[in-house]
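Peer 1: Input file: protein31.cif. Contents: mmCIF, C-alpha atoms and all ligand atoms.
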data_coords
loop_
_atom_site.label_atom_id
_atom_site.label_comp_id
_atom_site.auth_asym_id
_atom_site.auth_seq_id
_atom_site.Cartn_x
_atom_site.Cartn_y
_atom_site.Cartn_z
CA MET A 200 -30.59 -98.70 43.06
CA SER A 201 -27.56 -98.70 45.33
CA ASN A 202 -25.16 -97.49 42.63
CA GLY A 203 -27.48 -94.83 41.22
CA PRO A 204 -27.46 -91.12 42.04
CA SER A 205 -28.06 -90.18 45.66
CA LEU A 206 -29.72 -87.19 47.29
CA GLN A 207 -27.35 -84.24 47.70
CA MET A 208 -28.22 -82.34 50.85
CA PRO A 209 -27.51 -78.61 50.47
CA ASP A 210 -24.48 -77.59 52.56
CA GLY A 211 -25.42 -75.94 55.84
CA TRP A 212 -29.19 -76.16 55.28
CA GLN A 213 -29.76 -76.42 59.05
CA THR A 214 -28.41 -72.88 59.48
CA ARG A 215 -31.18 -71.45 57.29
CA VAL A 216 -34.21 -72.92 59.10
CA PRO A 217 -35.59 -72.72 62.63
CA PRO A 218 -34.33 -75.41 65.06
CA GLY A 219 -36.11 -78.71 64.54
CA TRP A 220 -37.13 -77.99 60.93
CA ASP A 221 -36.49 -80.94 58.63
CA TRP A 222 -36.66 -80.83 54.82
CA SER A 223 -36.49 -84.58 54.26
CA GLU A 224 -40.25 -84.93 53.91
CA LEU A 225 -40.26 -82.33 51.11
CA TRP A 226 -37.25 -83.90 49.39
CA VAL A 227 -39.09 -87.23 49.30
CA ALA A 228 -42.40 -85.60 48.24
CA VAL A 229 -40.74 -83.98 45.20
CA GLU A 230 -38.77 -87.13 44.42
CA LYS A 231 -41.91 -89.27 44.52
CA GLY A 232 -43.98 -86.62 42.74
CA LYS A 233 -46.45 -86.13 45.59
CA HIS A 234 -47.56 -82.64 44.58
CA LYS A 235 -50.21 -82.20 47.27
CA VAL A 236 -47.71 -83.06 49.99
CA ALA A 237 -45.13 -80.75 48.38
CA HIS A 238 -47.73 -77.96 48.32
CA GLU A 239 -48.57 -78.49 52.01
CA ILE A 240 -44.97 -78.50 53.17
CA VAL A 241 -44.02 -75.43 51.13
CA GLN A 242 -47.05 -73.63 52.60
CA LYS A 243 -45.94 -74.67 56.08
CA ALA A 244 -42.42 -73.41 55.37
CA ILE A 245 -43.82 -70.07 54.19
CA ASP A 246 -46.04 -69.81 57.30
CA THR A 247 -42.99 -70.58 59.44
CA GLY A 248 -41.24 -67.60 57.88
CA ILE A 249 -38.52 -69.46 55.99
CA ASN A 250 -36.99 -67.38 53.20
CA PRO A 251 -38.59 -68.27 49.82
CA LYS A 252 -35.21 -68.60 48.09
CA THR A 253 -34.19 -71.06 50.83
CA ILE A 254 -37.39 -73.02 50.25
CA LEU A 255 -36.53 -73.23 46.55
CA ASP A 256 -32.84 -74.10 46.92
CA ASP A 257 -32.87 -76.26 50.06
CA GLY A 258 -36.42 -77.60 50.01
CA LEU A 259 -37.44 -78.14 46.40
CA PHE A 260 -34.26 -78.66 44.40
CA PRO A 261 -32.68 -81.71 46.13
CA GLY A 262 -35.51 -84.14 45.28
CA PHE A 263 -35.87 -82.62 41.79
CA ASN A 264 -32.14 -82.89 41.05
CA LEU A 265 -32.05 -86.47 42.29
CA GLN A 266 -34.79 -87.47 39.85
CA GLY A 267 -33.16 -85.34 37.14
CA GLU A 268 -29.95 -87.33 37.46
CA ARG A 269 -31.87 -90.60 37.39
CA PHE A 270 -33.72 -89.42 34.29
CA SER A 271 -30.44 -88.51 32.57
CA GLU A 272 -29.05 -91.94 33.43
CA GLN A 273 -32.26 -93.56 32.18
CA ILE A 274 -33.01 -95.12 35.55
CA ILE A 275 -36.41 -93.39 35.45
CA PHE A 276 -38.42 -92.19 32.44
CA ILE A 277 -40.81 -89.46 31.32
CA PRO A 278 -43.81 -90.39 33.54
CA GLU A 279 -41.78 -90.29 36.76
CA MET A 280 -39.94 -87.14 35.71
CA LEU A 281 -43.21 -85.43 34.85
CA ILE A 282 -44.79 -86.05 38.22
CA THR A 283 -41.65 -84.75 39.93
CA ALA A 284 -41.80 -81.62 37.73
CA ARG A 285 -45.46 -81.19 38.74
CA ALA A 286 -44.56 -81.35 42.44
CA MET A 287 -41.75 -78.84 41.87
CA LYS A 288 -44.16 -76.50 40.10
CA ALA A 289 -46.72 -76.82 42.92
CA GLY A 290 -44.03 -75.41 45.20
CA LEU A 291 -42.90 -72.74 42.73
CA ALA A 292 -46.48 -71.49 42.39
CA LEU A 293 -46.62 -70.72 46.12
CA ILE A 294 -43.23 -69.02 46.17
CA ARG A 295 -43.76 -66.87 43.09
CA PRO A 296 -46.09 -64.23 44.59
CA LEU A 297 -43.82 -63.89 47.63
CA LEU A 298 -40.83 -63.07 45.52
CA ALA A 299 -42.59 -60.73 43.11
CA ALA A 300 -41.55 -57.16 43.85
CA GLN A 301 -44.35 -54.70 44.45
CA ALA A 302 -42.82 -52.14 42.08
CA GLU A 303 -45.19 -49.34 41.11
CA LYS A 304 -43.51 -48.85 37.78
CA PRO A 305 -41.85 -51.92 36.32
CA VAL A 306 -38.14 -51.79 35.52
CA GLY A 307 -39.04 -53.06 32.06
CA THR A 308 -41.24 -55.53 30.20
CA PHE A 309 -39.84 -58.99 29.53
CA VAL A 310 -41.47 -61.58 27.27
CA ILE A 311 -40.18 -65.09 27.95
CA GLY A 312 -41.01 -68.58 26.73
CA THR A 313 -39.63 -71.97 25.80
CA VAL A 314 -39.10 -72.30 22.05
CA LEU A 315 -41.04 -74.38 19.55
CA GLY A 316 -40.92 -78.15 20.09
CA ASP A 317 -39.60 -77.92 23.63
CA MET A 318 -41.67 -78.82 26.72
CA HIS A 319 -39.14 -77.96 29.45
CA ASP A 320 -40.32 -75.08 31.64
CA ILE A 321 -38.82 -75.38 35.13
CA GLY A 322 -35.78 -73.23 34.28
CA GLN A 323 -37.70 -70.46 32.56
CA SER A 324 -40.25 -70.43 35.41
CA ILE A 325 -37.41 -69.76 37.84
CA VAL A 326 -36.00 -67.04 35.59
CA THR A 327 -39.52 -65.52 35.52
CA ILE A 328 -39.75 -65.52 39.31
CA MET A 329 -36.32 -63.88 39.67
CA LEU A 330 -37.12 -61.23 37.03
CA GLU A 331 -40.39 -60.40 38.77
CA ASN A 332 -38.46 -60.18 42.01
CA ALA A 333 -36.16 -57.62 40.35
CA GLY A 334 -39.18 -55.52 39.36
CA PHE A 335 -39.75 -56.57 35.73
CA LYS A 336 -43.22 -57.09 34.28
CA VAL A 337 -42.93 -60.60 32.83
CA LEU A 338 -45.17 -62.22 30.23
CA ASN A 339 -44.50 -65.92 30.27
CA LEU A 340 -45.70 -67.67 27.10
CA GLY A 341 -45.11 -71.18 28.44
CA THR A 342 -43.63 -74.01 26.40
CA ASP A 343 -43.58 -74.92 22.70
CA THR A 344 -43.83 -71.25 21.69
CA HIS A 345 -44.12 -70.40 18.02
CA PRO A 346 -41.97 -67.46 16.83
CA ASP A 347 -45.15 -65.56 15.82
CA LYS A 348 -46.38 -65.71 19.41
CA PHE A 349 -43.16 -64.16 20.67
CA ILE A 350 -43.40 -61.48 17.98
CA ASN A 351 -47.08 -60.68 18.52
CA THR A 352 -46.70 -60.47 22.29
CA ALA A 353 -43.53 -58.35 22.07
CA ARG A 354 -45.36 -55.96 19.74
CA ALA A 355 -48.57 -55.80 21.79
CA GLU A 356 -46.68 -55.22 25.03
CA LYS A 357 -43.98 -52.96 23.55
CA ALA A 358 -41.49 -55.29 25.21
CA ASP A 359 -38.02 -54.14 26.21
CA LEU A 360 -36.56 -57.63 26.37
CA VAL A 361 -37.40 -61.05 24.98
CA GLY A 362 -35.99 -64.36 26.24
CA PHE A 363 -35.94 -67.79 24.64
CA SER A 364 -35.39 -70.92 26.71
CA ALA A 365 -34.37 -74.26 25.16
CA LEU A 366 -33.22 -77.48 26.84
CA LEU A 367 -32.70 -79.79 23.89
CA SER A 368 -29.78 -79.72 21.49
CA THR A 369 -32.39 -80.06 18.74
CA THR A 370 -34.61 -77.14 19.84
CA ILE A 371 -31.88 -74.55 20.42
CA TYR A 372 -32.13 -74.24 16.62
CA TYR A 373 -35.47 -72.47 17.17
CA GLN A 374 -33.72 -69.79 19.20
CA LYS A 375 -31.87 -68.96 15.99
CA VAL A 376 -35.04 -69.18 13.89
CA THR A 377 -36.99 -66.96 16.28
CA ILE A 378 -34.29 -64.29 16.14
CA GLU A 379 -34.41 -64.46 12.34
CA GLU A 380 -38.19 -63.96 12.50
CA PHE A 381 -37.72 -60.84 14.61
CA VAL A 382 -35.33 -59.55 11.94
CA LYS A 383 -37.84 -60.32 9.15
CA ALA A 384 -40.61 -58.58 11.08
CA GLY A 385 -38.42 -55.47 11.36
CA LEU A 386 -38.46 -55.65 15.15
CA ARG A 387 -34.96 -56.90 15.92
CA ASN A 388 -33.64 -53.51 17.06
CA LYS A 389 -36.65 -52.69 19.22
CA VAL A 390 -35.91 -55.42 21.75
CA LYS A 391 -32.89 -56.93 23.48
CA ILE A 392 -32.82 -60.71 23.09
CA LEU A 393 -31.55 -63.14 25.71
CA VAL A 394 -31.16 -66.87 25.34
CA GLY A 395 -30.67 -69.59 27.94
CA GLY A 396 -31.07 -73.25 28.83
CA ALA A 397 -28.56 -75.99 29.63
CA PRO A 398 -27.25 -76.73 26.09
CA THR A 399 -26.70 -73.02 25.26
CA SER A 400 -23.52 -71.01 25.75
CA GLN A 401 -22.10 -67.53 25.25
CA GLN A 402 -20.60 -68.78 22.01
CA TRP A 403 -24.02 -69.98 20.81
CA ALA A 404 -25.62 -66.67 21.80
CA ASP A 405 -22.97 -64.77 19.78
CA GLU A 406 -23.33 -67.10 16.83
CA ILE A 407 -27.09 -66.57 16.50
CA GLY A 408 -26.94 -62.83 17.17
CA ALA A 409 -28.56 -62.71 20.61
CA ASP A 410 -27.73 -59.77 22.87
CA GLY A 411 -26.89 -61.97 25.82
CA TRP A 412 -26.78 -65.39 27.42
CA GLY A 413 -27.88 -66.24 30.96
CA LYS A 414 -26.17 -69.27 32.45
CA ASP A 415 -28.60 -69.25 35.37
CA ALA A 416 -31.48 -67.20 36.74
CA MET A 417 -29.26 -64.84 38.78
CA LEU A 418 -27.07 -64.02 35.79
CA ALA A 419 -30.15 -63.68 33.59
CA VAL A 420 -31.47 -60.97 35.91
CA GLN A 421 -28.13 -59.14 36.08
CA LEU A 422 -27.98 -59.13 32.31
CA ALA A 423 -31.60 -58.01 31.92
CA LYS A 424 -30.99 -55.07 34.28
CA LYS A 425 -27.98 -54.02 32.23
CA LEU A 426 -29.60 -54.49 28.80
CA VAL A 427 -32.82 -52.66 29.68
CA ASN A 428 -30.77 -49.46 29.96
CA GLU A 429 -29.07 -49.84 26.60
CA PRO A 430 -30.39 -47.89 23.60
CA ARG A 431 -33.02 -49.47 21.34
CA GLU A 432 -35.25 -48.33 18.50
CA PRO A 433 -38.43 -46.99 20.10
CA TRP A 434 -41.81 -48.72 19.60
CA ASP A 435 -44.23 -46.56 17.58
C1 LIG B 501 -37.31 -82.19 33.87
C2 LIG B 501 -36.84 -82.74 32.54
C3 LIG B 501 -37.81 -83.17 31.63
C4 LIG B 501 -39.31 -83.05 31.89
C5 LIG B 501 -39.73 -81.56 31.70
C6 LIG B 501 -40.87 -81.16 32.61
C7 LIG B 501 -41.02 -79.66 32.70
N1 LIG B 501 -42.23 -79.25 33.01
O1 LIG B 501 -40.11 -78.89 32.51
C8 LIG B 501 -39.89 -84.03 30.82
C9 LIG B 501 -40.09 -85.38 31.47
C10 LIG B 501 -41.20 -83.58 30.16
C11 LIG B 501 -38.74 -84.11 29.82
C12 LIG B 501 -38.90 -84.57 28.52
C13 LIG B 501 -37.85 -84.76 27.64
N2 LIG B 501 -36.53 -84.59 27.90
CO1 LIG B 501 -35.90 -83.75 29.47
N3 LIG B 501 -34.98 -83.26 31.11
C14 LIG B 501 -35.44 -82.82 32.25
C15 LIG B 501 -34.25 -82.62 33.22
C16 LIG B 501 -34.22 -83.81 34.19
C17 LIG B 501 -34.26 -81.35 34.04
C18 LIG B 501 -34.38 -80.02 33.26
C19 LIG B 501 -34.63 -78.91 34.26
O2 LIG B 501 -35.76 -78.57 34.55
N4 LIG B 501 -33.55 -78.41 34.89
C20 LIG B 501 -33.61 -77.46 36.02
C21 LIG B 501 -33.61 -76.02 35.57
C22 LIG B 501 -33.63 -75.09 36.79
O3 LIG B 501 -32.42 -75.77 34.85
P1 LIG B 501 -32.42 -75.11 33.38
O4 LIG B 501 -33.64 -75.51 32.65
O5 LIG B 501 -31.10 -75.36 32.75
O6 LIG B 501 -32.60 -73.55 33.64
C23 LIG B 501 -31.62 -72.69 34.21
C24 LIG B 501 -30.65 -72.08 33.17
O7 LIG B 501 -30.45 -72.90 32.04
C25 LIG B 501 -31.22 -70.74 32.87
N5 LIG B 501 -32.25 -70.58 31.84
C26 LIG B 501 -33.21 -71.44 31.44
N6 LIG B 501 -34.00 -70.88 30.52
C27 LIG B 501 -33.57 -69.63 30.31
C28 LIG B 501 -34.03 -68.64 29.46
C29 LIG B 501 -33.37 -67.41 29.40
C30 LIG B 501 -33.87 -66.36 28.48
C31 LIG B 501 -32.22 -67.20 30.21
C32 LIG B 501 -31.50 -65.92 30.12
C33 LIG B 501 -31.76 -68.20 31.09
C34 LIG B 501 -32.43 -69.41 31.14
O8 LIG B 501 -31.75 -70.34 34.13
C35 LIG B 501 -32.39 -71.49 34.73
C36 LIG B 501 -32.39 -71.33 36.23
O9 LIG B 501 -31.11 -71.19 36.78
C37 LIG B 501 -33.02 -82.62 32.23
C38 LIG B 501 -31.73 -83.22 32.78
C39 LIG B 501 -31.05 -82.38 33.82
N7 LIG B 501 -30.67 -82.99 34.93
O10 LIG B 501 -30.90 -81.18 33.63
C40 LIG B 501 -33.55 -83.46 31.07
C41 LIG B 501 -33.03 -83.20 29.66
C42 LIG B 501 -32.98 -81.72 29.37
N8 LIG B 501 -34.09 -83.85 28.77
C43 LIG B 501 -33.60 -84.46 27.80
C44 LIG B 501 -34.37 -85.18 26.86
C45 LIG B 501 -33.59 -85.96 25.80
C46 LIG B 501 -35.78 -85.18 26.90
C47 LIG B 501 -36.73 -85.89 25.91
C48 LIG B 501 -36.36 -85.76 24.42
C49 LIG B 501 -36.82 -87.36 26.36
C50 LIG B 501 -37.53 -88.30 25.41
N9 LIG B 501 -36.83 -89.38 25.11
O11 LIG B 501 -38.61 -88.06 24.97
C51 LIG B 501 -38.09 -85.23 26.23
C52 LIG B 501 -38.35 -84.01 25.31
C53 LIG B 501 -39.72 -83.44 25.41
C54 LIG B 501 -39.79 -82.12 24.66
N10 LIG B 501 -40.24 -82.14 23.43
O12 LIG B 501 -39.39 -81.11 25.19
C55 LIG B 501 -32.07 -84.35 27.71
C56 LIG B 501 -31.62 -83.33 26.64
C57 LIG B 501 -30.38 -83.79 25.90
C58 LIG B 501 -30.01 -82.76 24.87
N11 LIG B 501 -28.95 -82.02 25.12
O13 LIG B 501 -30.68 -82.61 23.89
C59 LIG B 501 -31.71 -83.98 29.20
C60 LIG B 501 -30.43 -83.12 29.35
C61 LIG B 501 -31.57 -85.33 29.96
C62 LIG B 501 -30.44 -86.20 29.42
N12 LIG B 501 -29.22 -86.05 29.90
O14 LIG B 501 -30.66 -87.04 28.59
N13 LIG B 501 -37.56 -83.70 30.40
#
As C-alpha cells, please, write out the structure in this file.

Peer 2:
Amino acid sequence: MSNGPSLQMPDGWQTRVPPGWDWSELWVAVEKGKHKVAHEIVQKAIDTGINPKTILDDGLFPGFNLQGERFSEQIIFIPEMLITARAMKAGLALIRPLLAAQAEKPVGTFVIGTVLGDMHDIGQSIVTIMLENAGFKVLNLGTDTHPDKFINTARAEKADLVGFSALLSTTIYYQKVTIEEFVKAGLRNKVKILVGGAPTSQQWADEIGADGWGKDAMLAVQLAKKLVNEPREPWD
C-alpha cells in the first residue's frame, strides 16, 4: 500500500504530552481496530493527566482518519472501517464523562441524532461531548432515527434545540423530511433546529429551513449557545 494514504501526525503533538509519551501505539490500535488496546491506552493517558481534547485530537483521530481515507479510496471496506469506529468509540466513551460540565442547571436541552437510514455516529457523538462540555443536557437518540422519535423526545423533554446529523448525500434528504414533520406536528417554532454532517452546508441548511448549520463540533456549540437565547414559542 505504498501509494495509499499515510498517517498524518498532528503538528506539535510532542508539546502537549509529558516527555517520553508516544501516541504511535494508540494510532496503530485505532487503525487496526484493537478496541481493548485503544481503551487501555486512553485510560493510561487520562491517568497521566493528558488533556482529554488532546487525547481525542492527537491520540484517537490520526488512526481513524487514516482508515477513513482508505475507506473513501476503497482500499478497505465496511468490516475494517467498523472495527476502527468501534476502537474510536471505546476511547470516546472514556473521554466523555471527563469533558461533561458539572453544571447545576443546564444551559439548555438538546436532542440530537443521526437521521433515518444513516448509521454514521462518530461526528454526532463528538458534537454531543462538546455540547455536554458547554453545559447542555443532551439526549442522543443514536443512528437511524425516525422523525417521530425526534418529535416525541423533543416534546417529552421540552427541548430547546434539536440537531440532525447526516453523512450520506442520500440521507440528508431526511433532515428536510424531519423538519417538515416538526412543522406538521405544530412544534417547529418551539425548538431551534441545527443540521450537520460532511455533505451538508449553510446553503443546504437555509434551503430546508433549519435555524443553523454546524461545520464542526466547535461551531455547533457556538451556534447552540447563541440560538438557545433566541425567542421561541414556549412549551405548554
Ligand atoms: C466511519 C465511516 C463509516 C462507518 C460508520 C461507523 C460509525 N459508527 O459511525 C461505516 C463503515 C458503518 C460506514 C458505512 C457506510 N458509508 Co461511510 N464513512 C465513514 C467515514 C470514513 C468517516 C465518517 C466520520 O465518522 N467522520 C468523522 C467525523 C468526526 O466527522 P463528521 O461525521 O463529518 O462530523 C463532524 C461535522 O460534520 C459536524 N457534525 C456532524 N453531525 C452533526 C450534527 C449537528 C446537528 C451539527 C450541528 C454538526 C454535526 O461535527 C462533527 C465533529 O466535528 C466517511 C469518509 C470520511 N473520511 O469522512 C465515510 C463516508 C461518509 N461513507 C460513505 C458511504 C458511501 C458509506 C456506505 C453507503 C458504504 C456502503 N457501500 O455501504 C455505508 C452506509 C451505511 C449507512 N446506511 O449509513 C461515503 C458517503 C458519500 C456520500 N456523500 O454520500 C463517505 C464520505 C466515504 C466516501 N468518500 O465514499 N461508513

Peer 1: Which protein, DNA or RNA residues have an atom at most 12 Å from (-38.1, -87.4, 40.5), counting all atoms listed in the file? List them as a ChimeraX atom specification.

Peer 2: /A:204-206,225-234,259-271,273-287

Peer 1: Please produce an output containing C-alpha atoms for each residue in the selection, written as a PDB file, keeping the file's coordinate frame.

Peer 2:
ATOM      1  CA  PRO A 204     -27.460 -91.120  42.040  1.00  0.00           C
ATOM      2  CA  SER A 205     -28.060 -90.180  45.660  1.00  0.00           C
ATOM      3  CA  LEU A 206     -29.720 -87.190  47.290  1.00  0.00           C
ATOM      4  CA  LEU A 225     -40.260 -82.330  51.110  1.00  0.00           C
ATOM      5  CA  TRP A 226     -37.250 -83.900  49.390  1.00  0.00           C
ATOM      6  CA  VAL A 227     -39.090 -87.230  49.300  1.00  0.00           C
ATOM      7  CA  ALA A 228     -42.400 -85.600  48.240  1.00  0.00           C
ATOM      8  CA  VAL A 229     -40.740 -83.980  45.200  1.00  0.00           C
ATOM      9  CA  GLU A 230     -38.770 -87.130  44.420  1.00  0.00           C
ATOM     10  CA  LYS A 231     -41.910 -89.270  44.520  1.00  0.00           C
ATOM     11  CA  GLY A 232     -43.980 -86.620  42.740  1.00  0.00           C
ATOM     12  CA  LYS A 233     -46.450 -86.130  45.590  1.00  0.00           C
ATOM     13  CA  HIS A 234     -47.560 -82.640  44.580  1.00  0.00           C
ATOM     14  CA  LEU A 259     -37.440 -78.140  46.400  1.00  0.00           C
ATOM     15  CA  PHE A 260     -34.260 -78.660  44.400  1.00  0.00           C
ATOM     16  CA  PRO A 261     -32.680 -81.710  46.130  1.00  0.00           C
ATOM     17  CA  GLY A 262     -35.510 -84.140  45.280  1.00  0.00           C
ATOM     18  CA  PHE A 263     -35.870 -82.620  41.790  1.00  0.00           C
ATOM     19  CA  ASN A 264     -32.140 -82.890  41.050  1.00  0.00           C
ATOM     20  CA  LEU A 265     -32.050 -86.470  42.290  1.00  0.00           C
ATOM     21  CA  GLN A 266     -34.790 -87.470  39.850  1.00  0.00           C
ATOM     22  CA  GLY A 267     -33.160 -85.340  37.140  1.00  0.00           C
ATOM     23  CA  GLU A 268     -29.950 -87.330  37.460  1.00  0.00           C
ATOM     24  CA  ARG A 269     -31.870 -90.600  37.390  1.00  0.00           C
ATOM     25  CA  PHE A 270     -33.720 -89.420  34.290  1.00  0.00           C
ATOM     26  CA  SER A 271     -30.440 -88.510  32.570  1.00  0.00           C
ATOM     27  CA  GLN A 273     -32.260 -93.560  32.180  1.00  0.00           C
ATOM     28  CA  ILE A 274     -33.010 -95.120  35.550  1.00  0.00           C
ATOM     29  CA  ILE A 275     -36.410 -93.390  35.450  1.00  0.00           C
ATOM     30  CA  PHE A 276     -38.420 -92.190  32.440  1.00  0.00           C
ATOM     31  CA  ILE A 277     -40.810 -89.460  31.320  1.00  0.00           C
ATOM     32  CA  PRO A 278     -43.810 -90.390  33.540  1.00  0.00           C
ATOM     33  CA  GLU A 279     -41.780 -90.290  36.760  1.00  0.00           C
ATOM     34  CA  MET A 280     -39.940 -87.140  35.710  1.00  0.00           C
ATOM     35  CA  LEU A 281     -43.210 -85.430  34.850  1.00  0.00           C
ATOM     36  CA  ILE A 282     -44.790 -86.050  38.220  1.00  0.00           C
ATOM     37  CA  THR A 283     -41.650 -84.750  39.930  1.00  0.00           C
ATOM     38  CA  ALA A 284     -41.800 -81.620  37.730  1.00  0.00           C
ATOM     39  CA  ARG A 285     -45.460 -81.190  38.740  1.00  0.00           C
ATOM     40  CA  ALA A 286     -44.560 -81.350  42.440  1.00  0.00           C
ATOM     41  CA  MET A 287     -41.750 -78.840  41.870  1.00  0.00           C
TER      42      MET A 287
END

Peer 1: Within 8 Å of Leu293 (chain A), counting all atoms listed in the file, which residues qualify if same-chain residues fewer than 6 places away don't, as a short mmCIF file (atom, residue, chain, number, x, y, z; two decimals) with C-alpha atoms, in the coordinates of the input?

Peer 2:
data_model
loop_
_atom_site.label_atom_id
_atom_site.label_comp_id
_atom_site.auth_asym_id
_atom_site.auth_seq_id
_atom_site.Cartn_x
_atom_site.Cartn_y
_atom_site.Cartn_z
CA HIS A 238 -47.73 -77.96 48.32
CA VAL A 241 -44.02 -75.43 51.13
CA GLN A 242 -47.05 -73.63 52.60
#

Peer 1: Residues within 7 Å of ligand LIG 501 (chain B) should be enumerated using all atoms listed in the file and returned as a PyMOL selection string.

Peer 2: chain A and resi 264+266-268+270-272+277-278+280-281+284-285+311+316-323+325-326+362-369+393-398+412-417+419

Peer 1: Measure the distance from CA of Lys375 (chain A) to CA of Ile407 (chain A) in Å and round it to one decimal.

Peer 2: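 Pair CA of Lys375 (chain A) / CA of Ile407 (chain A) returns 5.4 Å.
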
Peer 1: Could you list, as an mmCIF file with C-alpha atoms, in the frame of the given file, every residue within 10 Å of region 431-433 of chain A, counting only C-alpha atoms and ignoring same-chain residues fewer than 4 positions away?

Peer 2:
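Once everything was written out, this is selection_35.cif:
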data_model
loop_
_atom_site.group_PDB
_atom_site.id
_atom_site.type_symbol
_atom_site.label_atom_id
_atom_site.label_comp_id
_atom_site.auth_asym_id
_atom_site.auth_seq_id
_atom_site.Cartn_x
_atom_site.Cartn_y
_atom_site.Cartn_z
ATOM 1 C CA LYS A 357 -43.980 -52.960 23.550
ATOM 2 C CA ASP A 359 -38.020 -54.140 26.210
ATOM 3 C CA LEU A 386 -38.460 -55.650 15.150
ATOM 4 C CA ARG A 387 -34.960 -56.900 15.920
ATOM 5 C CA ASN A 388 -33.640 -53.510 17.060
ATOM 6 C CA LYS A 389 -36.650 -52.690 19.220
ATOM 7 C CA VAL A 390 -35.910 -55.420 21.750
ATOM 8 C CA LYS A 391 -32.890 -56.930 23.480
ATOM 9 C CA LEU A 426 -29.600 -54.490 28.800
ATOM 10 C CA VAL A 427 -32.820 -52.660 29.680
#

Peer 1: Quick one: pull the distance between CA of Asn351 (chain A) and CA of Lys424 (chain A), Å, one decimal.

Peer 2: 23.2 Å

Peer 1: Expressed in Å to a single decimal, how great is the separation between CA of Lys243 (chain A) and CA of Thr214 (chain A)?

Peer 2: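 Value for the CA of Lys243 (chain A)-CA of Thr214 (chain A) distance: 17.9 Å.
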
Peer 1: From the options A:Met208, A:Met329, A:Val216, A:Leu422, which residue's atoms come nearest to Leu291 (chain A), counting all atoms listed in the file?

Peer 2: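 Once distances to Leu291 (chain A) are computed over all atoms listed in the file, the minimum belongs to A:Met329.
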
Peer 1: A:Val361, A:Ala355, A:Leu340, A:Glu379: which is nearest Gly307 (chain A), counting all atoms listed in the file?

Peer 2: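 Counting all atoms listed in the file, the residue closest to Gly307 (chain A) is A:Val361.
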
Peer 1: Emit as JSON the padded axis-aligned box for all listed atoms of region 264-282 of chain A, 4 Å per side, with centre and edge lengths in Å to one decimal.

Peer 2:
{"center_x": -36.9, "center_y": -89.0, "center_z": 36.8, "size_x": 23.7, "size_y": 20.2, "size_z": 19.0}

Peer 1: Please provide the set of residues having any atom within 12 Å of Gly334 (chain A), restricted to all atoms listed in the file, with same-chain residues fewer than 3 positions apart removed, written as a list in words.

Peer 2: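 Using all atoms listed in the file, the neighbours found are Leu298, Ala299, Ala300, Gln301, Ala302, Glu303, Lys304, Pro305, Val306, Gly307, Thr308, Phe309, Thr327, Ile328, Met329, Leu330, Glu331, Val337, Val420, Ala423, Lys424 and Val427 of chain A.
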
Peer 1: So, counting all atoms listed in the file, which residue among A:Glu224, A:Ala358, A:Trp403, A:Ile371 is closest to Asp435 (chain A)?

Peer 2: A:Ala358

Peer 1: Tell me which protein, DNA and RNA residues are within 6 Å of Leu315 (chain A), counting only C-alpha atoms, leaving out same-chain ones fewer than 2 positions away, and put them as a list in words.

Peer 2: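 What passes the distance filter is Asp317, Asp343, Thr344 and His345 of chain A.
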
Peer 1: Taking into account all atoms listed in the file, which residue in the set A:Gly290, A:Gly408, A:Gly258, A:Gly211 is nearest to Ile378 (chain A)?

Peer 2: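 Residue with the minimum atom-to-atom distance to Ile378 (chain A): A:Gly408.
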
Peer 1: Kindly indicate which residue among A:Arg215, A:Lys252, A:Lys383, A:Lys425 lies nearest to Asp347 (chain A), using all atoms listed in the file for the distances.

Peer 2: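 Using all atoms listed in the file, Asp347 (chain A) sits closest to A:Lys383.
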